[in-house]
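Visitor: Data: model_5.cif, mmCIF, N, CA and C atoms.
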```
data_structure
loop_
_atom_site.label_atom_id
_atom_site.label_comp_id
_atom_site.auth_asym_id
_atom_site.auth_seq_id
_atom_site.Cartn_x
_atom_site.Cartn_y
_atom_site.Cartn_z
N GLU N 29 -13.25 -8.29 3.86
CA GLU N 29 -12.24 -9.27 3.51
C GLU N 29 -12.27 -9.48 2.00
N ILE N 30 -11.11 -9.51 1.39
CA ILE N 30 -11.02 -9.76 -0.05
C ILE N 30 -10.46 -11.15 -0.26
N VAL N 31 -11.21 -11.97 -0.94
CA VAL N 31 -10.74 -13.29 -1.34
C VAL N 31 -10.43 -13.19 -2.81
N ILE N 32 -9.19 -13.43 -3.17
CA ILE N 32 -8.78 -13.23 -4.57
C ILE N 32 -9.36 -14.34 -5.44
N ALA N 33 -10.15 -13.92 -6.41
CA ALA N 33 -10.73 -14.86 -7.37
C ALA N 33 -10.03 -14.74 -8.72
N ALA N 34 -9.49 -13.57 -8.99
CA ALA N 34 -8.78 -13.34 -10.26
C ALA N 34 -7.73 -12.28 -10.01
N GLU N 35 -6.67 -12.34 -10.76
CA GLU N 35 -5.59 -11.38 -10.57
C GLU N 35 -4.97 -11.07 -11.92
N GLU N 36 -4.69 -9.79 -12.18
CA GLU N 36 -4.03 -9.38 -13.40
C GLU N 36 -2.96 -8.38 -13.07
N VAL N 37 -1.86 -8.43 -13.81
CA VAL N 37 -0.83 -7.42 -13.65
C VAL N 37 -0.82 -6.58 -14.92
N ILE N 38 -1.13 -5.28 -14.76
CA ILE N 38 -1.24 -4.38 -15.90
C ILE N 38 -0.58 -3.05 -15.54
N LEU N 39 0.42 -2.65 -16.28
CA LEU N 39 1.05 -1.33 -16.12
C LEU N 39 1.37 -1.00 -14.67
N GLY N 40 1.99 -1.94 -13.97
CA GLY N 40 2.42 -1.67 -12.61
C GLY N 40 1.32 -1.72 -11.58
N CYS N 41 0.15 -2.21 -11.94
CA CYS N 41 -0.96 -2.32 -11.00
C CYS N 41 -1.43 -3.77 -10.94
N ARG N 42 -1.95 -4.15 -9.80
CA ARG N 42 -2.54 -5.48 -9.67
C ARG N 42 -3.98 -5.30 -9.22
N ALA N 43 -4.90 -5.89 -9.94
CA ALA N 43 -6.31 -5.81 -9.56
C ALA N 43 -6.67 -7.06 -8.78
N GLU N 44 -7.28 -6.88 -7.64
CA GLU N 44 -7.75 -8.00 -6.84
C GLU N 44 -9.27 -7.96 -6.87
N ILE N 45 -9.86 -9.05 -7.30
CA ILE N 45 -11.30 -9.11 -7.44
C ILE N 45 -11.83 -10.28 -6.61
N GLY N 46 -12.82 -10.04 -5.80
CA GLY N 46 -13.40 -11.13 -5.02
C GLY N 46 -14.66 -10.66 -4.34
N ARG N 47 -15.66 -11.50 -4.33
CA ARG N 47 -16.93 -11.18 -3.69
C ARG N 47 -17.48 -9.83 -4.13
N GLY N 48 -17.30 -9.51 -5.41
CA GLY N 48 -17.84 -8.27 -5.94
C GLY N 48 -17.05 -7.02 -5.57
N LEU N 49 -15.92 -7.18 -4.91
CA LEU N 49 -15.10 -6.03 -4.52
C LEU N 49 -13.86 -5.98 -5.40
N MET N 50 -13.42 -4.77 -5.69
CA MET N 50 -12.19 -4.64 -6.47
C MET N 50 -11.37 -3.51 -5.89
N ARG N 51 -10.10 -3.77 -5.71
CA ARG N 51 -9.15 -2.76 -5.23
C ARG N 51 -7.93 -2.86 -6.10
N VAL N 52 -7.57 -1.80 -6.79
CA VAL N 52 -6.37 -1.80 -7.62
C VAL N 52 -5.21 -1.38 -6.74
N LEU N 53 -4.21 -2.25 -6.68
CA LEU N 53 -3.02 -1.96 -5.89
C LEU N 53 -1.92 -1.49 -6.81
N VAL N 54 -1.41 -0.29 -6.58
CA VAL N 54 -0.28 0.18 -7.36
C VAL N 54 0.99 -0.42 -6.77
N ILE N 55 2.06 -0.35 -7.50
CA ILE N 55 3.33 -0.92 -7.06
C ILE N 55 3.73 -0.39 -5.69
N GLY N 56 3.47 0.89 -5.42
CA GLY N 56 3.79 1.45 -4.10
C GLY N 56 3.06 0.74 -2.98
N ASP N 57 1.75 0.44 -3.20
CA ASP N 57 0.97 -0.29 -2.20
C ASP N 57 1.59 -1.66 -1.94
N ILE N 58 1.87 -2.37 -3.02
CA ILE N 58 2.40 -3.73 -2.91
C ILE N 58 3.73 -3.73 -2.18
N ARG N 59 4.61 -2.80 -2.51
CA ARG N 59 5.93 -2.72 -1.88
C ARG N 59 5.81 -2.38 -0.40
N ALA N 60 4.96 -1.42 -0.04
CA ALA N 60 4.80 -1.02 1.36
C ALA N 60 4.22 -2.18 2.18
N LEU N 61 3.19 -2.83 1.66
CA LEU N 61 2.60 -3.96 2.37
C LEU N 61 3.59 -5.09 2.54
N SER N 62 4.36 -5.38 1.51
CA SER N 62 5.38 -6.43 1.58
C SER N 62 6.43 -6.09 2.63
N HIS N 63 6.86 -4.84 2.66
CA HIS N 63 7.86 -4.40 3.64
C HIS N 63 7.34 -4.58 5.06
N ALA N 64 6.04 -4.33 5.26
CA ALA N 64 5.42 -4.46 6.58
C ALA N 64 5.05 -5.90 6.91
N GLY N 65 5.17 -6.80 5.92
CA GLY N 65 4.81 -8.20 6.13
C GLY N 65 3.31 -8.43 6.21
N LEU N 66 2.54 -7.57 5.50
CA LEU N 66 1.08 -7.63 5.55
C LEU N 66 0.49 -7.81 4.16
N LYS N 67 -0.81 -8.16 4.13
CA LYS N 67 -1.55 -8.30 2.88
C LYS N 67 -2.66 -7.25 2.87
N ALA N 68 -3.13 -6.90 1.68
CA ALA N 68 -4.16 -5.86 1.53
C ALA N 68 -5.41 -6.18 2.34
N GLU N 69 -5.78 -7.43 2.40
CA GLU N 69 -7.01 -7.78 3.13
C GLU N 69 -6.85 -7.71 4.64
N GLU N 70 -5.62 -7.54 5.14
CA GLU N 70 -5.37 -7.45 6.57
C GLU N 70 -5.41 -6.01 7.11
N VAL N 71 -5.32 -5.03 6.23
CA VAL N 71 -5.21 -3.65 6.66
C VAL N 71 -6.50 -2.88 6.40
N THR N 72 -6.62 -1.73 7.06
CA THR N 72 -7.76 -0.85 6.81
C THR N 72 -7.22 0.49 6.35
N ARG N 73 -8.10 1.26 5.74
CA ARG N 73 -7.80 2.61 5.28
C ARG N 73 -6.54 2.68 4.40
N LEU N 74 -6.36 1.69 3.53
CA LEU N 74 -5.23 1.70 2.59
C LEU N 74 -5.46 2.80 1.57
N ARG N 75 -4.52 3.72 1.49
CA ARG N 75 -4.63 4.83 0.55
C ARG N 75 -3.24 5.18 0.04
N SER N 76 -3.19 5.64 -1.19
CA SER N 76 -1.89 6.00 -1.75
C SER N 76 -2.05 7.18 -2.70
N GLU N 77 -0.97 7.88 -2.84
CA GLU N 77 -0.91 9.06 -3.71
C GLU N 77 0.41 9.00 -4.46
N TYR N 78 0.39 9.45 -5.70
CA TYR N 78 1.62 9.47 -6.49
C TYR N 78 2.08 10.91 -6.66
N ASP N 79 3.31 11.18 -6.26
CA ASP N 79 3.92 12.49 -6.43
C ASP N 79 4.73 12.44 -7.71
N ARG N 80 4.17 13.00 -8.78
CA ARG N 80 4.81 12.94 -10.11
C ARG N 80 6.16 13.65 -10.14
N GLU N 81 6.24 14.75 -9.43
CA GLU N 81 7.48 15.53 -9.45
C GLU N 81 8.65 14.74 -8.86
N ASP N 82 8.41 14.11 -7.71
CA ASP N 82 9.47 13.35 -7.04
C ASP N 82 9.50 11.89 -7.43
N LYS N 83 8.51 11.44 -8.21
CA LYS N 83 8.38 10.03 -8.61
C LYS N 83 8.35 9.12 -7.37
N VAL N 84 7.45 9.47 -6.44
CA VAL N 84 7.35 8.76 -5.17
C VAL N 84 5.89 8.42 -4.89
N TYR N 85 5.64 7.19 -4.44
CA TYR N 85 4.33 6.81 -3.94
C TYR N 85 4.30 7.08 -2.45
N GLU N 86 3.27 7.77 -1.97
CA GLU N 86 3.06 7.97 -0.55
C GLU N 86 1.91 7.05 -0.16
N VAL N 87 2.19 6.06 0.68
CA VAL N 87 1.22 5.01 1.02
C VAL N 87 0.96 5.05 2.52
N GLU N 88 -0.31 4.95 2.89
CA GLU N 88 -0.70 4.92 4.30
C GLU N 88 -1.72 3.81 4.50
N PHE N 89 -1.66 3.15 5.66
CA PHE N 89 -2.67 2.16 6.02
C PHE N 89 -2.62 1.93 7.52
N ASP N 90 -3.67 1.32 8.04
CA ASP N 90 -3.77 1.01 9.47
C ASP N 90 -3.80 -0.50 9.66
N PHE N 91 -3.18 -0.95 10.75
CA PHE N 91 -3.21 -2.37 11.11
C PHE N 91 -3.02 -2.51 12.61
N ASP N 92 -3.94 -3.20 13.25
CA ASP N 92 -3.83 -3.58 14.65
C ASP N 92 -3.51 -2.39 15.57
N GLY N 93 -4.21 -1.26 15.34
CA GLY N 93 -4.02 -0.09 16.20
C GLY N 93 -2.83 0.78 15.86
N TRP N 94 -2.19 0.50 14.73
CA TRP N 94 -1.02 1.28 14.30
C TRP N 94 -1.29 1.90 12.93
N ASP N 95 -0.76 3.11 12.72
CA ASP N 95 -0.83 3.80 11.44
C ASP N 95 0.55 3.68 10.79
N TYR N 96 0.58 3.16 9.58
CA TYR N 96 1.82 3.00 8.82
C TYR N 96 1.86 4.05 7.72
N GLU N 97 3.03 4.65 7.51
CA GLU N 97 3.23 5.60 6.42
C GLU N 97 4.52 5.24 5.70
N TYR N 98 4.44 5.18 4.37
CA TYR N 98 5.59 4.83 3.55
C TYR N 98 5.78 5.82 2.43
N LYS N 99 7.03 6.00 2.02
CA LYS N 99 7.38 6.67 0.78
C LYS N 99 8.20 5.65 -0.02
N ILE N 100 7.70 5.35 -1.23
CA ILE N 100 8.31 4.34 -2.09
C ILE N 100 8.72 4.99 -3.40
N HIS N 101 9.97 4.80 -3.81
CA HIS N 101 10.43 5.34 -5.08
C HIS N 101 9.73 4.58 -6.21
N ALA N 102 9.07 5.31 -7.10
CA ALA N 102 8.24 4.70 -8.13
C ALA N 102 9.03 3.90 -9.16
N VAL N 103 10.26 4.27 -9.42
CA VAL N 103 11.05 3.58 -10.43
C VAL N 103 11.78 2.38 -9.85
N SER N 104 12.48 2.57 -8.74
CA SER N 104 13.29 1.49 -8.18
C SER N 104 12.52 0.60 -7.21
N GLY N 105 11.42 1.10 -6.65
CA GLY N 105 10.68 0.34 -5.65
C GLY N 105 11.32 0.41 -4.27
N GLU N 106 12.37 1.21 -4.14
CA GLU N 106 13.08 1.35 -2.86
C GLU N 106 12.18 2.04 -1.82
N VAL N 107 12.24 1.53 -0.58
CA VAL N 107 11.53 2.17 0.52
C VAL N 107 12.39 3.36 0.95
N ILE N 108 11.91 4.56 0.70
CA ILE N 108 12.64 5.78 1.04
C ILE N 108 12.48 6.07 2.53
N SER N 109 11.25 5.91 3.03
CA SER N 109 11.03 6.09 4.46
C SER N 109 9.81 5.29 4.89
N SER N 110 9.79 4.92 6.16
CA SER N 110 8.64 4.24 6.72
C SER N 110 8.51 4.62 8.19
N THR N 111 7.28 4.86 8.62
CA THR N 111 7.03 5.18 10.03
C THR N 111 5.80 4.42 10.49
N GLN N 112 5.79 4.13 11.79
CA GLN N 112 4.64 3.52 12.43
C GLN N 112 4.31 4.34 13.66
N LYS N 113 3.02 4.68 13.80
CA LYS N 113 2.59 5.46 14.97
C LYS N 113 1.38 4.76 15.58
N LYS N 114 1.38 4.65 16.89
CA LYS N 114 0.23 4.09 17.59
C LYS N 114 -0.95 5.05 17.41
N ILE N 115 -2.09 4.55 16.95
CA ILE N 115 -3.27 5.38 16.74
C ILE N 115 -3.78 5.86 18.10
N GLY N 116 -3.98 7.17 18.21
CA GLY N 116 -4.48 7.75 19.44
C GLY N 116 -3.41 8.09 20.46
N ALA N 117 -2.15 7.83 20.13
CA ALA N 117 -1.07 8.14 21.09
C ALA N 117 -0.52 9.52 20.87
#
```
Go ahead and render the structure in this file as structure tokens.
Guide:
Amino acid sequence: EIVIAAEEVILGCRAEIGRGLMRVLVIGDIRALSHAGLKAEEVTRLRSEYDREDKVYEVEFDFDGWDYEYKIHAVSGEVISSTQKKIGA
């Protein structure tokens, strides 16, 4: 669990610091989580990759037995695609 003790916005990233843990959330992470109605501390296996050629963030995370996958346009923040799959189905 991350309890936010300090927060900074730097170059499209937000650092969350709490209890000695730090996770830098890129804009793609923030947009995908917001679209899903979730917070970083609620999900597991949050991971993201930036595709420089297409200018797209590919974001994946798990929540409550579901795997979420997003593609977020890096410039506009638009959700290009989103899917949810039941884990193990």
Visitor: Can you list, as a list of chain:residue names, every protein, DNA or RNA residue that comes within 6 Å of Arg73 in chain N when you count all atoms listed in the file, leaving out same-chain residues fewer than 3 positions away?
Guide: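 That gives N:Glu88, N:Phe89, N:Asp90.
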Visitor: Kindly give the distance, in Å, that separates CA of Asp82 in chain N and CA of Gly65 in chain N, rounded to a single decimal.
Guide: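 Computed distance, CA of Asp82 in chain N to CA of Gly65 in chain N, equals 25.7 Å.
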Visitor: Report, in Å with one decimal, the straight-line distance from CA of Ser76 in chain N to CA of Ala117 in chain N.
Guide: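 Value for the CA of Ser76 in chain N-CA of Ala117 in chain N distance: 23.0 Å.
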Visitor: Translate the PyMOL selection byres ((chain N and resi 96) around 6), as applied to the file shown, into an explicit residue set as a list of chain:residue names.
Guide: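 Checked against the file, the PyMOL selection byres ((chain N and resi 96) around 6) matches N:Val87, N:Glu88, N:Phe89, N:Asp90, N:Phe91, N:Trp94, N:Asp95, N:Glu97, N:Tyr98, N:Thr111, N:Gln112, N:Lys113.
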Visitor: Do you have the CA of Val54 in chain N-CA of Tyr85 in chain N distance handy?
Guide: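 Calculated distance between CA of Val54 in chain N and CA of Tyr85 in chain N is 8.8 Å.
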Visitor: Residues near Gly56 in chain N, anyone? I mean within 8 Å using only N, CA and C atoms, not counting same-chain ones fewer than 2 positions away, as JSON, numbers by chain.
Guide: {"N": [40, 41, 53, 54, 58, 59, 60, 61, 62, 76, 84, 85, 86, 87, 88, 98, 99, 100, 101, 102, 105]}
Visitor: Check the smallest atom-to-atom distance from each of N:Gly116, N:Val103, N:Asp92, N:Ile108 to Thr72 in chain N using only N, CA and C atoms, then report the winner.
Guide: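 Closest to Thr72 in chain N, using only N, CA and C atoms: N:Asp92.
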Visitor: Hey, which of N:Lys114, N:Glu70, N:Ile55, N:His63 ends up closest to Gly93 in chain N? Count all atoms listed in the file.
Guide: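 The shortest atom-to-atom distance to Gly93 in chain N comes from N:Lys114.
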Visitor: How would range 88-104 of chain N read, as a compact mmCIF listing (two decimals), in the frame of the given file, once N, CA, C and O atoms are built in?
Guide:
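Produced file part-v3.txt, reproduced below:
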```
# COMPACT_ATOMS: atom_id res chain seq x y z
N GLU N 88 -0.31 4.95 2.89
CA GLU N 88 -0.70 4.92 4.30
C GLU N 88 -1.72 3.81 4.50
O GLU N 88 -2.56 3.57 3.63
N PHE N 89 -1.66 3.15 5.66
CA PHE N 89 -2.67 2.16 6.02
C PHE N 89 -2.62 1.93 7.52
O PHE N 89 -1.67 2.34 8.20
N ASP N 90 -3.67 1.32 8.04
CA ASP N 90 -3.77 1.01 9.47
C ASP N 90 -3.80 -0.50 9.66
O ASP N 90 -4.38 -1.22 8.84
N PHE N 91 -3.18 -0.95 10.75
CA PHE N 91 -3.21 -2.37 11.11
C PHE N 91 -3.02 -2.51 12.61
O PHE N 91 -2.07 -1.97 13.18
N ASP N 92 -3.94 -3.20 13.25
CA ASP N 92 -3.83 -3.58 14.65
C ASP N 92 -3.51 -2.39 15.57
O ASP N 92 -2.65 -2.47 16.44
N GLY N 93 -4.21 -1.26 15.34
CA GLY N 93 -4.02 -0.09 16.20
C GLY N 93 -2.83 0.78 15.86
O GLY N 93 -2.49 1.70 16.59
N TRP N 94 -2.19 0.50 14.73
CA TRP N 94 -1.02 1.28 14.30
C TRP N 94 -1.29 1.90 12.93
O TRP N 94 -1.93 1.29 12.07
N ASP N 95 -0.76 3.11 12.72
CA ASP N 95 -0.83 3.80 11.44
C ASP N 95 0.55 3.68 10.79
O ASP N 95 1.56 4.03 11.40
N TYR N 96 0.58 3.16 9.58
CA TYR N 96 1.82 3.00 8.82
C TYR N 96 1.86 4.05 7.72
O TYR N 96 0.86 4.28 7.04
N GLU N 97 3.03 4.65 7.51
CA GLU N 97 3.23 5.60 6.42
C GLU N 97 4.52 5.24 5.70
O GLU N 97 5.55 5.02 6.34
N TYR N 98 4.44 5.18 4.37
CA TYR N 98 5.59 4.83 3.55
C TYR N 98 5.78 5.82 2.43
O TYR N 98 4.81 6.36 1.91
N LYS N 99 7.03 6.00 2.02
CA LYS N 99 7.38 6.67 0.78
C LYS N 99 8.20 5.65 -0.02
O LYS N 99 9.20 5.13 0.47
N ILE N 100 7.70 5.35 -1.23
CA ILE N 100 8.31 4.34 -2.09
C ILE N 100 8.72 4.99 -3.40
O ILE N 100 7.91 5.66 -4.05
N HIS N 101 9.97 4.80 -3.81
CA HIS N 101 10.43 5.34 -5.08
C HIS N 101 9.73 4.58 -6.21
O HIS N 101 9.75 3.35 -6.25
N ALA N 102 9.07 5.31 -7.10
CA ALA N 102 8.24 4.70 -8.13
C ALA N 102 9.03 3.90 -9.16
O ALA N 102 8.52 2.94 -9.72
N VAL N 103 10.26 4.27 -9.42
CA VAL N 103 11.05 3.58 -10.43
C VAL N 103 11.78 2.38 -9.85
O VAL N 103 11.69 1.27 -10.37
N SER N 104 12.48 2.57 -8.74
CA SER N 104 13.29 1.49 -8.18
C SER N 104 12.52 0.60 -7.21
O SER N 104 12.93 -0.53 -6.96
```
